[in-house]
Amino acid sequence: MPPEIKNLPPANKLASLNNKEIIIDSAKITGKLLKESGFNLNFAPVLDIKRFDDGHPIGDRCYGKTKEEVTEYAIPVMKELQNQGIVSVIKHFPGHGATKQDSHALLPVINSNIKNLQNEDMYPFEHAINQGADAILVSHLLIPKITGIYPASLSRKFITTYLRKKYKFRGLVITDDLKMKAIKLIYGADLAVEKAFKAGNDIIVFRFNHSEETRILDKILFLVKKGKIKEYQINRSVKRIIRIKEKYNISDESVEGVSDINNLNNRIEEIRSLF
């Protein structure tokens, strides 16, 4: 946001108030700012459980230290963003709070079995799906007992078995950024994008330079023509994207910008004054 607009407190501070109405009001302000600024999607809220002190990659984005707290506070944020016409992308499935390692720098490992993950870290995601989640970001988390040698974001078995089949999720599956060192240093840009497609992701996030992006897009087209990436799979993802666009009436029309900045700043300042 431009400097004229004040910042809202982070998720952990808002949750510390134990006041759901304030959390929902913050999400309403965020949604309004995004919508009037021309955005239609927000990679939020975080549904990870806070288990570690400061310095953890999820940091102040967590809504609680238990699955119940996260579910109670984060899901209303998701629903309010949706109410404001913003596609809410919940993250980082299946739960970055289960490891202290940072996927920006290396590939985190979660030494847990599926039963424990489902009972704890995946619990808020299951509830969010049941309450209408539109999109889920899958994180670069290696779970050897479940995903084998691949991180969750590149594991077709994991995405299909748990998101699509067990939780019956029909929305968008989106990768975390493939430029993160957890992926790029191990797979390289080309192989990472190829595996992300084959894993069943609908949208792939990769912030490479322009020449790399052009080369990778050409390679994807080549792989489709060779049958190594199935065209029906891409078509299925496109249909999911179109459904979301239709649901939120997303178009190329320009916006006029944020209206009544003073009023929004006053509301933000009221929330900030609580700390």
# chains A, B, ... in the order shown; residues from 1 in each chain; ligands from 1
>>> select_by_dssp(residues="segment 137-222 of chain A", states="helix (DSSP H, G or I)", output="NGL selection string")
:A and (144-147 or 152-154 or 156-166 or 181-199 or 210-222)
>>> write_last_selection(atoms="N, CA and C atoms", output="compact mmCIF listing (two decimals), in the first residue's frame")
# COMPACT_ATOMS: atom_id res chain seq x y z
N PRO A 144 9.00 -36.80 4.59
CA PRO A 144 9.46 -38.10 4.08
C PRO A 144 8.46 -39.24 4.26
N LYS A 145 7.75 -39.26 5.38
CA LYS A 145 6.81 -40.35 5.64
C LYS A 145 5.56 -40.28 4.76
N ILE A 146 5.39 -39.12 4.07
CA ILE A 146 4.19 -38.94 3.25
C ILE A 146 4.54 -38.63 1.80
N THR A 147 5.44 -37.69 1.59
CA THR A 147 5.75 -37.24 0.23
C THR A 147 6.99 -37.89 -0.36
N ALA A 152 5.92 -31.23 -0.60
CA ALA A 152 4.48 -31.30 -0.81
C ALA A 152 4.05 -30.56 -2.07
N SER A 153 4.69 -29.43 -2.35
CA SER A 153 4.30 -28.60 -3.50
C SER A 153 4.54 -29.29 -4.84
N LEU A 154 5.43 -30.29 -4.87
CA LEU A 154 5.76 -30.97 -6.12
C LEU A 154 5.32 -32.43 -6.10
N ARG A 156 2.51 -35.04 -6.57
CA ARG A 156 1.16 -35.32 -7.08
C ARG A 156 0.39 -36.23 -6.12
N LYS A 157 1.09 -37.19 -5.55
CA LYS A 157 0.44 -38.09 -4.60
C LYS A 157 -0.15 -37.31 -3.43
N PHE A 158 0.62 -36.37 -2.92
CA PHE A 158 0.16 -35.61 -1.75
C PHE A 158 -1.02 -34.71 -2.10
N ILE A 159 -0.89 -33.95 -3.19
CA ILE A 159 -1.96 -33.02 -3.58
C ILE A 159 -3.24 -33.78 -3.92
N THR A 160 -3.11 -34.88 -4.64
CA THR A 160 -4.28 -35.67 -5.05
C THR A 160 -4.91 -36.39 -3.87
N THR A 161 -4.07 -37.03 -3.06
CA THR A 161 -4.59 -37.86 -1.96
C THR A 161 -5.27 -37.03 -0.88
N TYR A 162 -4.66 -35.90 -0.52
CA TYR A 162 -5.18 -35.17 0.63
C TYR A 162 -6.04 -33.97 0.26
N LEU A 163 -5.58 -33.13 -0.63
CA LEU A 163 -6.41 -31.98 -0.99
C LEU A 163 -7.62 -32.38 -1.82
N ARG A 164 -7.39 -33.11 -2.88
CA ARG A 164 -8.47 -33.40 -3.83
C ARG A 164 -9.40 -34.52 -3.35
N LYS A 165 -8.83 -35.59 -2.81
CA LYS A 165 -9.65 -36.75 -2.46
C LYS A 165 -10.15 -36.71 -1.02
N LYS A 166 -9.25 -36.64 -0.05
CA LYS A 166 -9.68 -36.70 1.34
C LYS A 166 -10.51 -35.49 1.73
N LYS A 181 14.84 -20.78 -2.45
CA LYS A 181 16.02 -21.64 -2.53
C LYS A 181 15.70 -23.11 -2.23
N ALA A 182 14.65 -23.35 -1.43
CA ALA A 182 14.25 -24.72 -1.12
C ALA A 182 13.99 -25.53 -2.39
N ILE A 183 13.56 -24.84 -3.44
CA ILE A 183 13.24 -25.51 -4.70
C ILE A 183 14.30 -25.25 -5.76
N LYS A 184 14.63 -23.99 -5.99
CA LYS A 184 15.50 -23.65 -7.12
C LYS A 184 16.89 -24.28 -7.00
N LEU A 185 17.45 -24.34 -5.77
CA LEU A 185 18.79 -24.89 -5.61
C LEU A 185 18.82 -26.40 -5.81
N ILE A 186 17.68 -27.05 -5.60
CA ILE A 186 17.62 -28.51 -5.73
C ILE A 186 17.22 -28.93 -7.14
N TYR A 187 16.18 -28.27 -7.68
CA TYR A 187 15.61 -28.72 -8.95
C TYR A 187 15.98 -27.84 -10.14
N GLY A 188 16.31 -26.59 -9.88
CA GLY A 188 16.49 -25.65 -10.98
C GLY A 188 15.14 -25.19 -11.48
N ALA A 189 15.12 -24.11 -12.21
CA ALA A 189 13.86 -23.49 -12.63
C ALA A 189 13.06 -24.41 -13.55
N ASP A 190 13.70 -24.99 -14.56
CA ASP A 190 12.98 -25.78 -15.55
C ASP A 190 12.30 -27.00 -14.95
N LEU A 191 13.06 -27.79 -14.21
CA LEU A 191 12.52 -29.02 -13.65
C LEU A 191 11.47 -28.72 -12.58
N ALA A 192 11.68 -27.67 -11.82
CA ALA A 192 10.72 -27.31 -10.78
C ALA A 192 9.36 -26.98 -11.37
N VAL A 193 9.34 -26.18 -12.44
CA VAL A 193 8.08 -25.82 -13.08
C VAL A 193 7.41 -27.05 -13.69
N GLU A 194 8.20 -27.89 -14.33
CA GLU A 194 7.64 -29.12 -14.92
C GLU A 194 7.00 -30.00 -13.86
N LYS A 195 7.70 -30.21 -12.75
CA LYS A 195 7.17 -31.06 -11.68
C LYS A 195 5.95 -30.42 -11.02
N ALA A 196 5.94 -29.09 -10.93
CA ALA A 196 4.80 -28.41 -10.33
C ALA A 196 3.54 -28.64 -11.17
N PHE A 197 3.68 -28.59 -12.49
CA PHE A 197 2.54 -28.89 -13.37
C PHE A 197 2.08 -30.32 -13.17
N LYS A 198 3.03 -31.24 -13.22
CA LYS A 198 2.69 -32.66 -13.13
C LYS A 198 2.10 -33.03 -11.77
N ALA A 199 2.43 -32.26 -10.75
CA ALA A 199 1.92 -32.54 -9.40
C ALA A 199 0.44 -32.18 -9.27
N HIS A 210 13.01 -12.14 -16.82
CA HIS A 210 12.16 -12.23 -18.02
C HIS A 210 12.65 -13.30 -18.99
N SER A 211 13.95 -13.38 -19.18
CA SER A 211 14.48 -14.36 -20.15
C SER A 211 14.24 -15.78 -19.67
N GLU A 212 14.39 -16.02 -18.35
CA GLU A 212 14.11 -17.34 -17.80
C GLU A 212 12.64 -17.70 -17.95
N GLU A 213 11.78 -16.74 -17.65
CA GLU A 213 10.35 -17.00 -17.74
C GLU A 213 9.94 -17.33 -19.17
N THR A 214 10.47 -16.59 -20.13
CA THR A 214 10.15 -16.85 -21.53
C THR A 214 10.63 -18.23 -21.95
N ARG A 215 11.84 -18.58 -21.53
CA ARG A 215 12.38 -19.90 -21.87
C ARG A 215 11.55 -21.02 -21.24
N ILE A 216 11.14 -20.84 -20.00
CA ILE A 216 10.37 -21.87 -19.30
C ILE A 216 8.99 -22.03 -19.92
N LEU A 217 8.35 -20.93 -20.29
CA LEU A 217 7.05 -21.01 -20.94
C LEU A 217 7.15 -21.75 -22.28
N ASP A 218 8.23 -21.49 -23.02
CA ASP A 218 8.45 -22.22 -24.28
C ASP A 218 8.65 -23.71 -24.01
N LYS A 219 9.34 -24.03 -22.92
CA LYS A 219 9.56 -25.43 -22.59
C LYS A 219 8.26 -26.12 -22.21
N ILE A 220 7.41 -25.42 -21.48
CA ILE A 220 6.11 -26.00 -21.11
C ILE A 220 5.31 -26.33 -22.35
N LEU A 221 5.30 -25.42 -23.31
CA LEU A 221 4.59 -25.65 -24.57
C LEU A 221 5.17 -26.88 -25.28
N PHE A 222 6.49 -27.01 -25.26
CA PHE A 222 7.15 -28.16 -25.88
C PHE A 222 6.74 -29.46 -25.17
>>> residues_around(residues="segment 13-19 of chain A", least_positions_apart="6", cutoff="7 Å", atoms="only C-alpha atoms", output="short mmCIF file (atom, residue, chain, number, x, y, z; two decimals) with all heavy atoms, in the first residue's frame")
data_model
loop_
_atom_site.label_atom_id
_atom_site.label_comp_id
_atom_site.auth_asym_id
_atom_site.auth_seq_id
_atom_site.Cartn_x
_atom_site.Cartn_y
_atom_site.Cartn_z
N TYR A 63 -2.02 -16.70 13.63
CA TYR A 63 -3.16 -16.26 14.44
C TYR A 63 -3.27 -16.97 15.77
O TYR A 63 -4.16 -16.66 16.57
CB TYR A 63 -4.47 -16.45 13.66
CG TYR A 63 -4.69 -15.40 12.61
CD1 TYR A 63 -4.24 -15.58 11.31
CD2 TYR A 63 -5.34 -14.20 12.92
CE1 TYR A 63 -4.45 -14.61 10.34
CE2 TYR A 63 -5.54 -13.22 11.97
CZ TYR A 63 -5.09 -13.43 10.68
OH TYR A 63 -5.29 -12.47 9.72
N GLY A 64 -2.39 -17.94 16.03
CA GLY A 64 -2.49 -18.62 17.30
C GLY A 64 -1.47 -19.71 17.49
O GLY A 64 -0.80 -20.14 16.54
N TYR A 73 -9.76 -17.67 14.41
CA TYR A 73 -9.46 -16.32 13.96
C TYR A 73 -9.14 -16.21 12.47
O TYR A 73 -9.48 -15.20 11.84
CB TYR A 73 -8.29 -15.75 14.77
CG TYR A 73 -8.61 -15.57 16.24
CD1 TYR A 73 -7.72 -15.97 17.22
CD2 TYR A 73 -9.81 -14.99 16.63
CE1 TYR A 73 -8.02 -15.81 18.57
CE2 TYR A 73 -10.12 -14.82 17.98
CZ TYR A 73 -9.22 -15.23 18.94
OH TYR A 73 -9.52 -15.07 20.27
#
>>> residues_around(residues="Leu33 of chain A", least_positions_apart="2", cutoff="10 Å", atoms="only C-alpha atoms", output="ChimeraX atom specification")
/A:1,5,27-31,35-39,84,257-259,261,264
>>> residues_around(residues="segment 239-247 of chain A", least_positions_apart="4", cutoff="12 Å", atoms="only C-alpha atoms", output="PDB file with C-alpha atoms, in the first residue's frame")
ATOM      1  CA  ASN A  40      -8.422  -9.395  -6.845  1.00  0.00           C
ATOM      2  CA  LEU A  41      -6.373 -11.965  -4.878  1.00  0.00           C
ATOM      3  CA  GLN A  82     -14.223 -13.150   0.132  1.00  0.00           C
ATOM      4  CA  ASN A  83     -17.090 -10.871   1.167  1.00  0.00           C
ATOM      5  CA  GLY A  85     -14.602  -9.546  -3.486  1.00  0.00           C
ATOM      6  CA  ILE A  86     -11.034 -10.754  -2.901  1.00  0.00           C
ATOM      7  CA  VAL A  87      -9.915 -14.313  -3.615  1.00  0.00           C
ATOM      8  CA  SER A  88      -8.397 -15.532  -0.354  1.00  0.00           C
ATOM      9  CA  VAL A  89      -5.467 -17.958  -0.731  1.00  0.00           C
ATOM     10  CA  ALA A 133     -11.995 -21.892   0.749  1.00  0.00           C
ATOM     11  CA  ASP A 134     -11.394 -20.904  -2.884  1.00  0.00           C
ATOM     12  CA  ALA A 135      -7.632 -21.361  -3.115  1.00  0.00           C
ATOM     13  CA  PHE A 169     -11.175 -29.590  -2.377  1.00  0.00           C
ATOM     14  CA  ARG A 170     -12.350 -28.319  -5.779  1.00  0.00           C
ATOM     15  CA  GLY A 171     -10.747 -24.879  -5.736  1.00  0.00           C
ATOM     16  CA  LEU A 172      -7.376 -23.612  -6.918  1.00  0.00           C
ATOM     17  CA  VAL A 173      -4.140 -25.279  -5.825  1.00  0.00           C
ATOM     18  CA  ILE A 174      -1.220 -22.845  -6.003  1.00  0.00           C
ATOM     19  CA  ASN A 201      -1.023 -27.367  -9.259  1.00  0.00           C
ATOM     20  CA  ASP A 202      -3.438 -25.019 -11.036  1.00  0.00           C
ATOM     21  CA  ILE A 203      -1.302 -21.891 -10.662  1.00  0.00           C
ATOM     22  CA  TYR A 232      -6.397 -32.116 -20.381  1.00  0.00           C
ATOM     23  CA  GLN A 233      -4.729 -31.317 -17.049  1.00  0.00           C
ATOM     24  CA  ILE A 234      -3.976 -27.744 -18.114  1.00  0.00           C
ATOM     25  CA  ASN A 235      -7.517 -27.374 -19.472  1.00  0.00           C
ATOM     26  CA  SER A 251     -12.370  -8.346 -15.340  1.00  0.00           C
ATOM     27  CA  ASP A 252      -9.850  -5.996 -16.959  1.00  0.00           C
TER      28      ASP A 252
END
